[in-house]
Structure formats: C-alpha cells, structure tokens
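Undergrad: A single structure is presented below for examination.
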Amino acid sequence: MVSRRKLLKSLSLLPLAGTVLGTEWLHGQSMTKEVLEATASRNFFKELGIRTFINAAGTYTSMTGSLMPEEVTQAITYGASEYVNLDELHDRVGERIAELLDCEYATVTSGAFGAMTIGLAGVISGMDEDKVAQLPDTTGLKNEVILQESHNIVYTHALKNVGVKIITVKTAKELKKAINPKTAMLWFLNANTDEGEIKHEEFIEMGKTFGIPTFIDCAADVPPVENLFKFTKMGFDLVAFSGGKGLRGPQSAGLLLGNKELILAARQHTPPRGHTIGRGMKVNKEEVLGMLVALELYLQKDHHKEWEMWESQIKLISDSAKSVKGVDTEIHTPKYANHVPSLKVRWDQDRVKITPNEARKKLKDGHPSIETVGNDKEIGITTWMMTPGQERLVAQRLKEVLSTS
C-alpha cells in the first residue's frame, strides 16, 4: 500500500506555485479566486439543458466513465496553475508509477485505446525517427499483429490505426504457423480470456520463443487491484489499463506498463512531437497529475471494505426488486472485465406487465434519472459507480416501476 507520506512526497517533487509574488500578481490571484468561486457555483449541465443521472450501469464512455475523487480534481487544478516541460513531467510520473506498480516502466496515455496505438507504434518503429515519421505507412516494416479470433473486437481499430494487418487465429498451432518475418506483435484481450483457446501463459511463451512482443489489453480489468501487478509479472511486454474506469482517474487517460525500451519508443509517437500518428493523443499535464493521484489513492483503498459495501448495496436493490411478486434476481460477478458485484433483474411478464426495455426507459426518464444496462429479457445493475446512498433511491424507484406496471 502507498502511505500518505509517500503520496504527499510525490506531489512535493513538483514545482510549487508562486515562488516570487508581486503586488500585481497577488491582485490578479484575488480576482482569479473570485472568478473561480463564481464558476464553482454555476450548474453548467442545467444551463446547457442536460440531465444528470444516477449511474447504475457501470463505467461506460457514453455515460462519461466514473466520478473522480476530490483529491484527483485538486491535482488537476494544481496542474493548471503552472508551466512545466511536458516530457519531463511524463518521465517523472512514469518513473513514479513504475515504482508504485513494481514494473519496469510506465507512461500515462490517452486511454487504453491510445496505449494500444502508441504501444504498437513503438514496437514497429523503435527509436528510429524515420520510422516514427513513416507510420502509418508500414512499407518495408513489420506490419502484422496476430490475435485470437474471439479477441477481435471493435477496439482493435487502435491497432489498425498504426497501419498494420490483423491476423486472427483460433489455436496455438495456428498461431505458431501464422508467425512470420512480418509479425510485429501478439495481442491479447483479457476480457475475452475464456472465449479463446490460447491462455495467457501459452501466449506469452509463444512470444518469447519467437522474440515477438506480447501486449495485453486490460482496459476494464480493475478491480481486482492485483491485476495492476499481475500481467507484467506474468511476462507480458506491454499492458494497458483505462484510467477513467475502476481507477477513477481522468476519463481520457490510461496507463501503459511494461518494458521500458518499448514504452520509451512508444513515447516517440506522442506530443510534443508533431510528425507522428499519436500527435492527437495528447495527455496534458493536468491529466498526468490526475492519473498519478488516482492510482495512488486506488492503491491505498481498503478494497475488502469497498467490496463488502458493493455487495450490501446490490443485495438491498435485489431484495427490493424481489419483494414484487413475479420478479426474480441473480447476483453475479463477471470473471474478468467489470469484476464487481452485479445484478440481473428478470420477471414474469404475465404478472409484471412491462418489458425490461420499457422499465429501463421509465427509470431513465423518471426522477431521479437512473441509467441501467440490459436487453429485452432483463435489467442489469451495478452500484460501484454510485455515490453511497444512491442505491436506496435505485431500490425504491425499481420497485415502484415494477409494482405499478
């Protein structure tokens, strides 16, 4: 765990604001404070005519991910108060994150998607500036990425951005046969582990045997906290996590962990360099600090206590739903991505005369507005993105919707 002392020390390494204060500067700061106080009192979403909602669905990008703790937003505000060298900040924070996660190196990225793109780009180009500038034209370069057919989801577009061809296989035998001089990387999707025949260890071993870097996408795979350490220890060369999901950092940030040489090469594709495919994947100083503090806070959490709270919240909603005759519930925990206590609510539509989709719409359109997931057979609910206490509102509204139908 990270001590409070270490947390404070990490921020103390960064420059303090206002070393030399002049009268005009102080007057400007006073005015700025007034502006900030006025801004803080504004309800921007109300002004824009946008409804906020209780997030009973999870860490969906369309629902703006997670809510950042106050310490994270304070770090972001602090980052906005001074100028620093962007590369130097990435260097120091990368070193700090590597220390926290006991891995060789790390960098803050523009989400897990951005981590995939710059990670692969670094694998292909190395530190060669000509190759860095050449991408996504992969003429004369290694330009194939092999992955399991069941892992070929929409987010592999992050790999295609680099100009590579995706090669899919089903078995270890097919994987071995597909490897050739054009193979740049082997890519693994942790969320779909059970849907592929080739498991982690065999996948890593294949990469090591042929000298090909292996990359695992763990975007939504925190919690459990152990995953932050597990896959680099297991032997994957590169590991990606989303920053704005379970870690509760900035929604547009992520982490790339692993081999230092490969990550330094990946950094050649990021700002401030402007002739690269990663120029648009800028991570500003505010997000870098926010991601660092989010990670430090996450590592300090009492994860067992938090899990017990989630279980209690889910049980409350489950019991409330089941009190309606004809309603049944299932409490479950996904094995990989979004590994948190979750609820499925189903019912006999001859007794509860509303469809799941209609019920979800009523929850969304009601007061308060509640976002859930599901399909035409069930409603899906999680509580880990709720503010404590909101689970009672969800339990009450769900029961009302099911009871009055």
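Ligands are numbered from 1 in the order shown, residues from 1 within each chain, and chains are lettered A, B, ... in the order they appear in the structure tokens.
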I'd like the contact shell of Pro271 (chain A) - 10 Å cut-off, only C-alpha atoms, skipping same-chain residues fewer than 4 positions apart - returned as a PyMOL selection string.
TA: chain A and resi 86-87+267+275-284
Undergrad: Limited to N, CA and C atoms, could you put the picked residues into a file as a PDB file, in the first residue's frame?
TA:
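Saved as part-v6.pdb:
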ATOM      1  N   LEU A  86       6.693  19.162 -20.694  1.00  0.00           N
ATOM      2  CA  LEU A  86       5.789  18.023 -20.811  1.00  0.00           C
ATOM      3  C   LEU A  86       6.535  16.690 -20.766  1.00  0.00           C
ATOM      4  N   ASP A  87       7.630  16.586 -21.509  1.00  0.00           N
ATOM      5  CA  ASP A  87       8.393  15.338 -21.500  1.00  0.00           C
ATOM      6  C   ASP A  87       8.947  15.033 -20.106  1.00  0.00           C
ATOM      7  N   ARG A 267       6.668   6.487 -26.618  1.00  0.00           N
ATOM      8  CA  ARG A 267       6.643   7.921 -26.315  1.00  0.00           C
ATOM      9  C   ARG A 267       7.118   8.780 -27.490  1.00  0.00           C
ATOM     10  N   HIS A 275       5.130  15.112 -35.705  1.00  0.00           N
ATOM     11  CA  HIS A 275       5.130  14.445 -37.008  1.00  0.00           C
ATOM     12  C   HIS A 275       4.744  12.973 -36.863  1.00  0.00           C
ATOM     13  N   THR A 276       3.901  12.677 -35.871  1.00  0.00           N
ATOM     14  CA  THR A 276       3.614  11.285 -35.545  1.00  0.00           C
ATOM     15  C   THR A 276       2.119  10.986 -35.575  1.00  0.00           C
ATOM     16  N   ILE A 277       1.793   9.699 -35.597  1.00  0.00           N
ATOM     17  CA  ILE A 277       0.383   9.306 -35.594  1.00  0.00           C
ATOM     18  C   ILE A 277      -0.267   9.524 -34.235  1.00  0.00           C
ATOM     19  N   GLY A 278       0.538   9.729 -33.202  1.00  0.00           N
ATOM     20  CA  GLY A 278      -0.008   9.937 -31.867  1.00  0.00           C
ATOM     21  C   GLY A 278      -0.135  11.389 -31.462  1.00  0.00           C
ATOM     22  N   ARG A 279       0.094  12.311 -32.394  1.00  0.00           N
ATOM     23  CA  ARG A 279       0.043  13.729 -32.052  1.00  0.00           C
ATOM     24  C   ARG A 279      -1.308  14.113 -31.451  1.00  0.00           C
ATOM     25  N   GLY A 280      -2.369  13.543 -31.995  1.00  0.00           N
ATOM     26  CA  GLY A 280      -3.708  13.874 -31.497  1.00  0.00           C
ATOM     27  C   GLY A 280      -4.075  13.176 -30.211  1.00  0.00           C
ATOM     28  N   MET A 281      -3.185  12.301 -29.725  1.00  0.00           N
ATOM     29  CA  MET A 281      -3.453  11.568 -28.482  1.00  0.00           C
ATOM     30  C   MET A 281      -2.744  12.251 -27.313  1.00  0.00           C
ATOM     31  N   LYS A 282      -2.861  13.556 -27.270  1.00  0.00           N
ATOM     32  CA  LYS A 282      -2.162  14.360 -26.256  1.00  0.00           C
ATOM     33  C   LYS A 282      -2.717  14.085 -24.861  1.00  0.00           C
ATOM     34  N   VAL A 283      -1.796  13.947 -23.898  1.00  0.00           N
ATOM     35  CA  VAL A 283      -2.164  13.857 -22.491  1.00  0.00           C
ATOM     36  C   VAL A 283      -1.554  15.069 -21.807  1.00  0.00           C
ATOM     37  N   ASN A 284      -2.380  15.993 -21.348  1.00  0.00           N
ATOM     38  CA  ASN A 284      -1.851  17.234 -20.803  1.00  0.00           C
ATOM     39  C   ASN A 284      -1.368  17.063 -19.361  1.00  0.00           C
TER      40      ASN A 284
END
Undergrad: Can you list, as a PyMOL selection string, every protein, DNA or RNA residue that comes within 10 Å of Lys362 (chain A) when you count only C-alpha atoms, leaving out same-chain residues fewer than 4 positions away?
TA: chain A and resi 356-358+366-367+369-371+397-398+401-402
Undergrad: Which one is closest to Leu189 (chain A): A:Leu147, A:Met206, A:Leu295, A:Ala80? Count only C-alpha atoms.
TA: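 Smallest distance to Leu189 (chain A) is found for A:Leu147.
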Undergrad: Hey, which of A:Leu256, A:Val345, A:Leu393, A:Ile381 ends up closest to Thr232 (chain A)? Count only C-alpha atoms.
TA: A:Leu256
Undergrad: Identify, with DSSP run on backbone atoms, the residues in region 18-200 of chain A assigned to strand (DSSP E), and express the list as a list in words.
TA: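 Answer for region 18-200 of chain A, restricted to strand (DSSP E): Ile54, Asn55, Tyr105, Ala106, Thr107, Val108, Thr109, Glu144, Val145, Ile146, Leu147, Gln148, Lys165, Ile166, Ile167, Thr168, Val169, Thr183, Ala184, Met185, Leu186, Trp187, Phe188 and Leu189 of chain A.
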Undergrad: Skip Gly246 (chain A) itself and residues of its chain fewer than 2 positions away, then list as a PyMOL selection string all residues within 12 Å of it, counting only C-alpha atoms.
TA: chain A and resi 58-60+65-69+218-225+227-228+241-244+248-251+254+291+294-295+297-299+301+303+337-340+384-385
